[in-house]
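Dumped input-v9.txt below, it's compact mmCIF, C-alpha atoms:
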```txt
# COMPACT_ATOMS: atom_id res chain seq x y z
CA PRO A 613 277.42 -103.38 208.34
CA ALA A 614 274.07 -105.06 208.21
CA GLY A 615 271.98 -104.48 205.13
CA PRO A 616 268.57 -102.91 205.14
CA PRO A 617 265.90 -104.90 206.96
CA ALA A 618 263.97 -107.35 204.83
CA ALA A 619 260.63 -106.07 203.65
CA ALA A 620 257.73 -107.54 205.56
CA GLU A 621 255.38 -109.86 203.69
CA PRO A 622 252.29 -107.94 202.59
CA PRO A 623 249.18 -108.99 204.50
CA PRO A 624 246.74 -111.20 202.60
CA PRO A 625 243.86 -109.31 201.00
CA ALA A 626 240.92 -108.87 203.31
CA VAL A 627 238.13 -111.36 202.78
CA ARG A 628 234.88 -109.72 201.78
CA PRO A 629 232.26 -110.05 204.54
CA GLU A 630 229.88 -111.94 202.25
CA VAL A 631 232.60 -114.53 201.52
CA ALA A 632 233.47 -114.91 205.20
CA ALA A 633 229.78 -115.41 205.97
CA MET A 634 229.56 -118.30 203.47
CA TYR A 635 232.32 -120.11 205.35
CA GLY A 636 231.33 -119.41 208.92
CA THR A 637 230.75 -121.87 211.75
CA ILE A 638 228.02 -124.46 211.14
CA GLN A 639 226.24 -126.80 213.53
CA ASP A 640 225.20 -129.83 211.50
CA SER A 641 223.56 -132.96 212.90
CA GLY A 642 225.29 -132.47 216.22
CA HIS A 643 228.70 -131.79 214.65
CA HIS A 644 230.50 -128.45 215.01
CA ILE A 645 232.13 -127.30 211.77
CA PRO A 646 234.57 -124.45 212.48
CA ALA A 647 234.71 -121.40 210.26
CA VAL A 648 237.29 -121.62 207.48
CA ASP A 649 240.43 -119.63 208.33
CA PRO A 650 240.14 -116.34 206.39
CA THR A 651 243.74 -116.74 205.17
CA LEU A 652 242.54 -119.75 203.14
CA LEU A 653 239.68 -117.87 201.50
CA THR A 654 241.19 -116.29 198.42
CA GLU A 655 238.63 -115.21 195.85
CA ASP A 656 239.46 -118.13 193.57
CA LYS A 657 238.65 -120.62 196.35
CA ALA A 658 235.27 -119.21 197.35
CA ARG A 659 232.29 -120.79 195.63
CA GLN A 660 230.90 -118.46 193.01
CA LEU A 661 228.65 -118.27 189.99
CA VAL A 662 230.71 -118.16 186.78
CA ASP A 663 230.08 -118.13 183.04
CA TYR A 664 230.04 -121.68 181.71
CA TRP A 665 229.45 -122.93 178.17
CA THR A 666 227.91 -126.41 178.05
CA ASP A 667 224.99 -128.29 176.56
CA GLU A 668 224.61 -130.33 179.77
CA ALA A 669 221.39 -129.88 181.72
CA PRO A 670 221.26 -127.70 184.85
CA GLY A 671 222.19 -129.73 187.91
CA THR A 672 224.89 -131.72 186.11
CA ILE A 673 228.19 -131.84 188.02
CA ILE A 674 231.39 -131.46 185.99
CA VAL A 675 234.65 -132.23 187.78
CA ASP A 676 237.89 -130.78 186.40
CA PRO A 677 240.50 -132.47 188.62
CA HIS A 678 243.43 -130.96 186.73
CA ALA A 679 242.26 -127.36 187.21
CA ARG A 680 241.03 -128.33 190.72
CA TYR A 681 237.51 -127.05 190.28
CA LEU A 682 234.06 -128.63 190.37
CA TYR A 683 231.17 -127.03 188.48
CA GLN A 684 227.45 -127.55 188.94
CA VAL A 685 225.66 -126.40 185.81
CA GLN A 686 223.07 -123.64 186.31
CA PRO A 687 220.57 -122.18 183.84
CA ASP A 688 221.41 -119.38 181.42
CA GLY A 689 225.04 -120.19 180.69
CA LYS A 690 226.25 -120.23 184.28
CA ALA A 691 227.71 -122.73 186.74
CA MET A 692 228.41 -122.71 190.45
CA ARG A 693 232.15 -123.23 190.79
CA TYR A 694 233.72 -124.86 193.85
CA ALA A 695 237.45 -125.16 194.57
CA VAL A 696 238.55 -128.72 195.35
CA ALA A 697 241.55 -130.63 196.63
CA VAL A 698 242.44 -133.58 194.44
CA GLY A 699 244.05 -136.73 195.81
CA ALA A 700 245.57 -139.31 193.52
CA ALA A 701 242.25 -141.19 193.43
CA GLY A 702 240.78 -138.06 191.87
CA TYR A 703 242.63 -138.95 188.67
CA GLY A 704 241.50 -142.58 188.71
CA PHE A 705 238.24 -142.18 186.82
CA THR A 706 237.10 -140.10 183.83
CA GLY A 707 233.90 -140.04 181.85
CA GLU A 708 230.25 -140.13 182.85
CA ALA A 709 228.67 -141.43 186.03
CA HIS A 710 225.73 -140.67 188.28
CA ILE A 711 225.13 -140.21 191.99
CA PRO A 712 222.60 -142.79 193.23
CA TYR A 713 223.00 -141.74 196.86
CA GLN A 714 224.89 -139.54 199.27
CA ARG A 715 225.73 -139.83 202.95
CA ASP A 716 225.83 -137.31 205.78
CA TRP A 717 228.95 -137.62 207.96
CA PRO A 718 230.07 -140.93 206.41
CA SER A 719 232.27 -143.35 208.30
CA TRP A 720 235.67 -144.30 206.88
CA LYS A 721 238.00 -147.30 206.95
CA PRO A 722 241.69 -147.31 205.96
CA THR A 723 242.76 -149.80 203.32
CA ASP A 724 244.74 -152.88 204.32
CA ASN A 725 247.75 -151.37 202.55
CA MET A 726 247.52 -148.19 204.62
CA VAL A 727 247.46 -150.22 207.84
CA ALA A 728 250.38 -152.38 206.66
CA THR A 729 252.59 -149.49 205.58
CA GLN A 730 251.80 -147.08 208.45
CA PRO A 731 250.54 -149.22 211.34
CA GLU A 732 251.33 -146.59 213.96
CA LEU A 733 249.06 -144.11 212.18
CA TYR A 734 246.25 -146.31 210.86
CA GLY A 735 246.35 -149.31 213.20
CA PRO A 736 244.22 -147.61 215.87
CA VAL A 737 241.45 -146.97 213.32
CA GLU A 738 241.78 -150.13 211.21
CA LYS A 739 238.24 -151.18 212.16
CA GLY A 740 236.89 -147.88 210.86
CA LEU A 741 236.22 -144.36 212.03
CA GLU A 742 232.76 -143.00 212.70
CA GLY A 743 231.69 -139.85 210.92
CA GLY A 744 232.83 -136.62 212.51
CA ILE A 745 234.94 -133.52 212.12
CA ASP A 746 238.17 -135.57 212.36
CA ASN A 747 237.04 -138.05 209.71
CA PRO A 748 238.80 -137.71 206.31
CA MET A 749 235.44 -137.88 204.49
CA GLY A 750 234.11 -134.69 206.04
CA ALA A 751 230.47 -133.68 206.31
CA ARG A 752 229.06 -135.31 203.18
CA ALA A 753 230.03 -137.87 200.54
CA LEU A 754 228.54 -138.22 197.06
CA TYR A 755 229.06 -141.70 195.58
CA LEU A 756 229.60 -142.14 191.84
CA HIS A 757 228.31 -145.19 189.98
CA ASN A 758 228.18 -146.03 186.29
CA GLY A 759 227.03 -148.97 184.14
CA GLN A 760 229.62 -151.22 185.82
CA GLY A 761 228.49 -150.29 189.34
CA ASP A 762 230.44 -148.42 191.99
CA THR A 763 233.34 -146.44 190.51
CA TYR A 764 234.87 -145.94 194.00
CA TYR A 765 235.12 -142.27 193.03
CA ARG A 766 233.87 -139.91 195.72
CA ILE A 767 233.12 -136.21 196.08
CA HIS A 768 233.34 -135.41 199.76
CA GLY A 769 234.30 -132.97 202.50
CA THR A 770 237.62 -132.68 204.27
CA MET A 771 239.25 -132.53 207.68
CA ASP A 772 242.02 -130.35 206.19
CA PRO A 773 240.69 -127.04 204.82
CA ALA A 774 244.24 -125.92 203.96
CA SER A 775 244.36 -128.61 201.26
CA ILE A 776 241.59 -127.05 199.14
CA GLY A 777 242.93 -125.95 195.77
CA GLN A 778 245.89 -128.32 196.04
CA ALA A 779 246.96 -131.64 194.59
CA THR A 780 247.39 -133.98 197.56
CA SER A 781 248.46 -137.56 198.19
CA ALA A 782 245.24 -138.99 199.59
CA GLY A 783 241.53 -138.66 199.05
CA CYS A 784 239.51 -138.17 195.90
CA ILE A 785 237.68 -134.87 195.26
CA ARG A 786 237.45 -132.85 198.48
CA LEU A 787 235.62 -129.60 199.19
CA PHE A 788 235.43 -127.32 202.20
CA ASN A 789 232.81 -128.83 204.51
CA GLN A 790 230.71 -125.69 204.02
CA ASP A 791 230.87 -126.26 200.25
CA ILE A 792 230.12 -129.99 200.25
CA ILE A 793 227.02 -129.31 202.36
CA HIS A 794 225.96 -126.60 199.90
CA LEU A 795 226.59 -128.89 196.91
CA ALA A 796 224.85 -131.87 198.49
CA GLU A 797 221.75 -129.78 199.14
CA GLN A 798 221.60 -128.96 195.41
CA THR A 799 222.25 -132.54 194.24
CA ASP A 800 219.35 -134.86 193.49
CA SER A 801 219.53 -138.64 193.36
CA MET A 802 220.81 -139.87 189.97
CA THR A 803 222.48 -136.52 189.19
CA LYS A 804 224.77 -136.88 186.18
CA VAL A 805 228.50 -136.36 186.76
CA ILE A 806 231.21 -135.86 184.13
CA VAL A 807 234.87 -136.13 185.13
CA LEU A 808 237.12 -134.43 182.58
CA THR A 809 240.37 -135.84 181.25
CA ARG A 810 243.55 -133.79 181.28
CA ALA A 811 243.02 -132.98 177.58
CA GLU A 812 239.51 -131.68 178.41
CA SER A 813 240.65 -129.56 181.38
CA GLY A 814 239.13 -126.09 181.21
CA LYS A 815 236.25 -127.23 178.98
CA GLY A 816 233.24 -124.99 179.52
CA THR A 817 235.22 -122.07 180.91
CA VAL A 818 235.70 -120.45 177.49
CA PRO A 819 233.29 -120.12 174.56
CA PRO A 820 233.31 -122.96 172.02
CA GLY A 821 236.15 -122.65 169.54
CA GLN A 822 238.51 -120.82 171.88
CA PRO A 823 241.67 -122.62 173.07
CA LEU A 824 241.41 -124.18 176.52
CA PRO A 825 243.54 -122.71 179.31
CA PRO A 826 246.54 -124.90 180.21
CA PRO A 827 245.96 -126.93 183.39
CA PRO A 828 248.45 -126.71 186.28
CA ASP A 829 251.14 -129.36 186.41
CA ASP A 830 249.46 -132.02 188.56
CA ARG A 831 251.09 -135.10 187.11
CA ALA A 832 253.29 -135.68 190.14
CA ALA A 833 250.36 -136.78 192.31
CA ILE A 834 251.38 -139.52 194.72
CA PRO A 835 249.73 -142.96 194.33
CA ASP A 836 246.59 -142.97 196.37
CA GLN A 837 245.87 -144.45 199.77
CA THR A 838 242.42 -143.10 200.31
CA GLY A 839 240.68 -145.59 202.50
CA GLU A 840 237.06 -146.37 201.86
CA PRO A 841 234.01 -144.37 202.90
CA THR A 842 231.38 -146.73 204.21
```
Can the structure from this file be put into structure tokens for me?
Amino acid sequence: PAGPPAAAEPPPPAVRPEVAAMYGTIQDSGHHIPAVDPTLLTEDKARQLVDYWTDEAPGTIIVDPHARYLYQVQPDGKAMRYAVAVGAAGYGFTGEAHIPYQRDWPSWKPTDNMVATQPELYGPVEKGLEGGIDNPMGARALYLHNGQGDTYYRIHGTMDPASIGQATSAGCIRLFNQDIIHLAEQTDSMTKVIVLTRAESGKGTVPPGQPLPPPPDDRAAIPDQTGEPT
């Protein structure tokens, strides 16, 4: 005889209305950004003000690629926390940089290696792709430079909201389009950025002297084929 029926998966927790409102549909410079699917909006992925212990000035951006969060320092021991997706390029730079400029709806060009290895996918766009909702760079891109010039490290939007909070094969540091617009609006030219190493992961999230939380196992990230924002 057949066994008892399998228990149904419990429904995901309902998204609070204020969270859903933060990730609703946006019209931006003629582009239609759809609302984020509520099933992707767990509490840990919604941008939120959190306690944060740092001596860095308000406005500073601190990227923790291993914990897959980005923090923008706020006054009074707080930071605005954003969930991010991290491609392999997101592990390619650590240390201090600054953001000399940002771009709305940046264009994008696949690398020569991407075209050579997957011509059927990237050949049609080898000359570049104009900015838009189907562009891998999303609604905004923040460009990081340091004393040596362009780091080729980018903080940008995404065409794949389901990737947020994940380690992925391509891209650098990606946010929901709603979040990258919010972050870009709060980011001045020459804003300081710190990208944490794996050993520093979790820094700022606990008071000084307390052990840092262990980062998730992200060391299996696939070598990057990001393409270049232009």
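Minimum atom-to-atom distance to A:Ser775, evaluated using all atoms listed in the file, belongs to A:Leu653 out of A:Ile645, A:Pro722, A:Glu742, A:Leu653.
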Quick one: what's the axis-aligned box for stretch 662-665 of chain A, all listed atoms, 6 Å on every side, centre and edges in Å to one decimal, as lines of an AutoDock Vina configuration file?
```
center_x = 230.1
center_y = -120.5
center_z = 182.5
size_x = 13.3
size_y = 16.8
size_z = 20.6
```
Enter the distance from atom CA of A:Glu797 to atom CA of A:Ile767, in Å, rounded to one decimal.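 Pair atom CA of A:Glu797 / atom CA of A:Ile767 returns 13.4 Å.
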Quick one: everything within 7 Å of A:Leu682, counting all atoms listed in the file, minus sequence neighbours fewer than 3 positions away in the same chain. Send it as a VMD selection string. chain A and resid 674 to 676 693 to 696
Please compute the atom CA of A:Lys721-atom CA of A:His644 distance, one decimal, in Å.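 A separation of 21.8 Å between them.
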Compare A:Ala633, A:Leu733, A:Leu741, A:Leu756 by their minimum atom-to-atom distance to A:Gln790, counting all atoms listed in the file, and give me the closest one.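 The answer is A:Ala633, which sits nearest to A:Gln790.
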Have a look at atom CA of A:Val698 and atom CA of A:Gly777 and let me know their distance in Å, one decimal.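 Distance between the two atoms: 7.8 Å.
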Residue neighbourhood A:Arg766, 12 Å, only C-alpha atoms, exclusion window fewer than 6 positions, as a PyMOL selection string: chain A and resi 675+698-705+709-715+718+748-750+752-757+783-787+792+805+807+838-842
List the spatial neighbours of A:Pro827 as a ChimeraX atom specification - criterion: any atom at most 9 Å away, only C-alpha atoms, same-chain residues fewer than 5 positions off excluded. /A:678-680,810-811,813-814
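Using only C-alpha atoms for every distance, the candidate list A:Pro823, A:Ile806, A:Asp791, A:Met771 yields A:Asp791 as the residue closest to A:Tyr635.
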Using all atoms listed in the file, pick whichever of A:Ala669, A:Ala774, A:Met802, A:Val662 has the shortest atom-to-atom distance to A:Phe788.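 Distance minimum relative to A:Phe788 lands on A:Ala774.
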Who sits within 12 Å of A:Thr654, all atoms listed in the file, same chain under 5 positions skipped, as a PyMOL selection string: chain A and resi 624-628+631-632+635+648-649+659-660+695+774+776-777
Selection export as an mmCIF file, in the frame of the given file, atoms kept: C-alpha atoms:
```cif
data_model
loop_
_atom_site.group_PDB
_atom_site.id
_atom_site.type_symbol
_atom_site.label_atom_id
_atom_site.label_comp_id
_atom_site.auth_asym_id
_atom_site.auth_seq_id
_atom_site.Cartn_x
_atom_site.Cartn_y
_atom_site.Cartn_z
ATOM 1 C CA PRO A 624 246.740 -111.200 202.600
ATOM 2 C CA PRO A 625 243.860 -109.310 201.000
ATOM 3 C CA ALA A 626 240.920 -108.870 203.310
ATOM 4 C CA VAL A 627 238.130 -111.360 202.780
ATOM 5 C CA ARG A 628 234.880 -109.720 201.780
ATOM 6 C CA VAL A 631 232.600 -114.530 201.520
ATOM 7 C CA ALA A 632 233.470 -114.910 205.200
ATOM 8 C CA TYR A 635 232.320 -120.110 205.350
ATOM 9 C CA VAL A 648 237.290 -121.620 207.480
ATOM 10 C CA ASP A 649 240.430 -119.630 208.330
ATOM 11 C CA ARG A 659 232.290 -120.790 195.630
ATOM 12 C CA GLN A 660 230.900 -118.460 193.010
ATOM 13 C CA ALA A 695 237.450 -125.160 194.570
ATOM 14 C CA ALA A 774 244.240 -125.920 203.960
ATOM 15 C CA ILE A 776 241.590 -127.050 199.140
ATOM 16 C CA GLY A 777 242.930 -125.950 195.770
#
```
Pick out the closest residue to A:His768 from this set: A:Asn725, A:Ser719, A:Thr651, A:Thr666. Count only C-alpha atoms.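 Using only C-alpha atoms, A:His768 sits closest to A:Ser719.
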Env of A:Lys690: 10 Å cut, atoms = only C-alpha atoms, seq-sep filter 6 positions within chain, self excluded. Answer as a PDB file with C-alpha atoms, in the frame of the given file.
```pdb
ATOM      1  CA  LEU A 661     228.650-118.270 189.990  1.00  0.00           C
ATOM      2  CA  VAL A 662     230.710-118.160 186.780  1.00  0.00           C
ATOM      3  CA  ASP A 663     230.080-118.130 183.040  1.00  0.00           C
ATOM      4  CA  TYR A 664     230.040-121.680 181.710  1.00  0.00           C
ATOM      5  CA  TRP A 665     229.450-122.930 178.170  1.00  0.00           C
ATOM      6  CA  THR A 666     227.910-126.410 178.050  1.00  0.00           C
ATOM      7  CA  PRO A 670     221.260-127.700 184.850  1.00  0.00           C
ATOM      8  CA  TYR A 683     231.170-127.030 188.480  1.00  0.00           C
ATOM      9  CA  GLN A 684     227.450-127.550 188.940  1.00  0.00           C
ATOM     10  CA  GLY A 816     233.240-124.990 179.520  1.00  0.00           C
ATOM     11  CA  THR A 817     235.220-122.070 180.910  1.00  0.00           C
TER      12      THR A 817
END
```
Using all atoms listed in the file, which of A:Gly735, A:Pro819, A:Pro828, A:Pro773 sits nearest A:Lys657? A:Pro773
Completion step: stretch 661-673 of chain A with N, CA, C and O atoms as a PDB file, in the coordinates of the input:
```pdb
ATOM      1  N   LEU A 661     229.320-118.056 191.265  1.00  0.00           N
ATOM      2  CA  LEU A 661     228.650-118.270 189.990  1.00  0.00           C
ATOM      3  C   LEU A 661     229.534-117.719 188.885  1.00  0.00           C
ATOM      4  O   LEU A 661     229.977-116.565 188.946  1.00  0.00           O
ATOM      5  N   VAL A 662     229.822-118.547 187.874  1.00  0.00           N
ATOM      6  CA  VAL A 662     230.710-118.160 186.780  1.00  0.00           C
ATOM      7  C   VAL A 662     230.037-118.452 185.445  1.00  0.00           C
ATOM      8  O   VAL A 662     229.101-119.254 185.364  1.00  0.00           O
ATOM      9  N   ASP A 663     230.533-117.801 184.392  1.00  0.00           N
ATOM     10  CA  ASP A 663     230.080-118.130 183.040  1.00  0.00           C
ATOM     11  C   ASP A 663     230.546-119.537 182.697  1.00  0.00           C
ATOM     12  O   ASP A 663     231.681-119.929 183.002  1.00  0.00           O
ATOM     13  N   TYR A 664     229.673-120.298 182.040  1.00  0.00           N
ATOM     14  CA  TYR A 664     230.040-121.680 181.710  1.00  0.00           C
ATOM     15  C   TYR A 664     229.283-122.093 180.460  1.00  0.00           C
ATOM     16  O   TYR A 664     228.050-121.973 180.398  1.00  0.00           O
ATOM     17  N   TRP A 665     230.024-122.571 179.460  1.00  0.00           N
ATOM     18  CA  TRP A 665     229.450-122.930 178.170  1.00  0.00           C
ATOM     19  C   TRP A 665     229.344-124.449 178.066  1.00  0.00           C
ATOM     20  O   TRP A 665     230.345-125.154 177.960  1.00  0.00           O
ATOM     21  N   THR A 666     228.120-124.966 178.141  1.00  0.00           N
ATOM     22  CA  THR A 666     227.910-126.410 178.050  1.00  0.00           C
ATOM     23  C   THR A 666     226.496-126.691 177.576  1.00  0.00           C
ATOM     24  O   THR A 666     225.584-125.871 177.786  1.00  0.00           O
ATOM     25  N   ASP A 667     226.329-127.835 176.942  1.00  0.00           N
ATOM     26  CA  ASP A 667     224.990-128.290 176.560  1.00  0.00           C
ATOM     27  C   ASP A 667     224.385-129.199 177.629  1.00  0.00           C
ATOM     28  O   ASP A 667     223.267-129.693 177.456  1.00  0.00           O
ATOM     29  N   GLU A 668     225.131-129.459 178.712  1.00  0.00           N
ATOM     30  CA  GLU A 668     224.610-130.330 179.770  1.00  0.00           C
ATOM     31  C   GLU A 668     223.482-129.625 180.527  1.00  0.00           C
ATOM     32  O   GLU A 668     223.470-128.405 180.675  1.00  0.00           O
ATOM     33  N   ALA A 669     222.566-130.425 181.042  1.00  0.00           N
ATOM     34  CA  ALA A 669     221.390-129.880 181.720  1.00  0.00           C
ATOM     35  C   ALA A 669     221.777-129.269 183.067  1.00  0.00           C
ATOM     36  O   ALA A 669     222.730-129.712 183.720  1.00  0.00           O
ATOM     37  N   PRO A 670     221.032-128.236 183.502  1.00  0.00           N
ATOM     38  CA  PRO A 670     221.260-127.700 184.850  1.00  0.00           C
ATOM     39  C   PRO A 670     221.194-128.800 185.904  1.00  0.00           C
ATOM     40  O   PRO A 670     220.374-129.711 185.813  1.00  0.00           O
ATOM     41  N   GLY A 671     222.074-128.719 186.876  1.00  0.00           N
ATOM     42  CA  GLY A 671     222.190-129.730 187.910  1.00  0.00           C
ATOM     43  C   GLY A 671     223.355-130.677 187.688  1.00  0.00           C
ATOM     44  O   GLY A 671     223.859-131.277 188.643  1.00  0.00           O
ATOM     45  N   THR A 672     223.764-130.837 186.419  1.00  0.00           N
ATOM     46  CA  THR A 672     224.890-131.720 186.110  1.00  0.00           C
ATOM     47  C   THR A 672     226.154-131.226 186.825  1.00  0.00           C
ATOM     48  O   THR A 672     226.424-130.024 186.877  1.00  0.00           O
ATOM     49  N   ILE A 673     226.912-132.161 187.364  1.00  0.00           N
ATOM     50  CA  ILE A 673     228.190-131.840 188.020  1.00  0.00           C
ATOM     51  C   ILE A 673     229.320-132.190 187.060  1.00  0.00           C
ATOM     52  O   ILE A 673     229.362-133.304 186.520  1.00  0.00           O
TER      53      ILE A 673
END
```
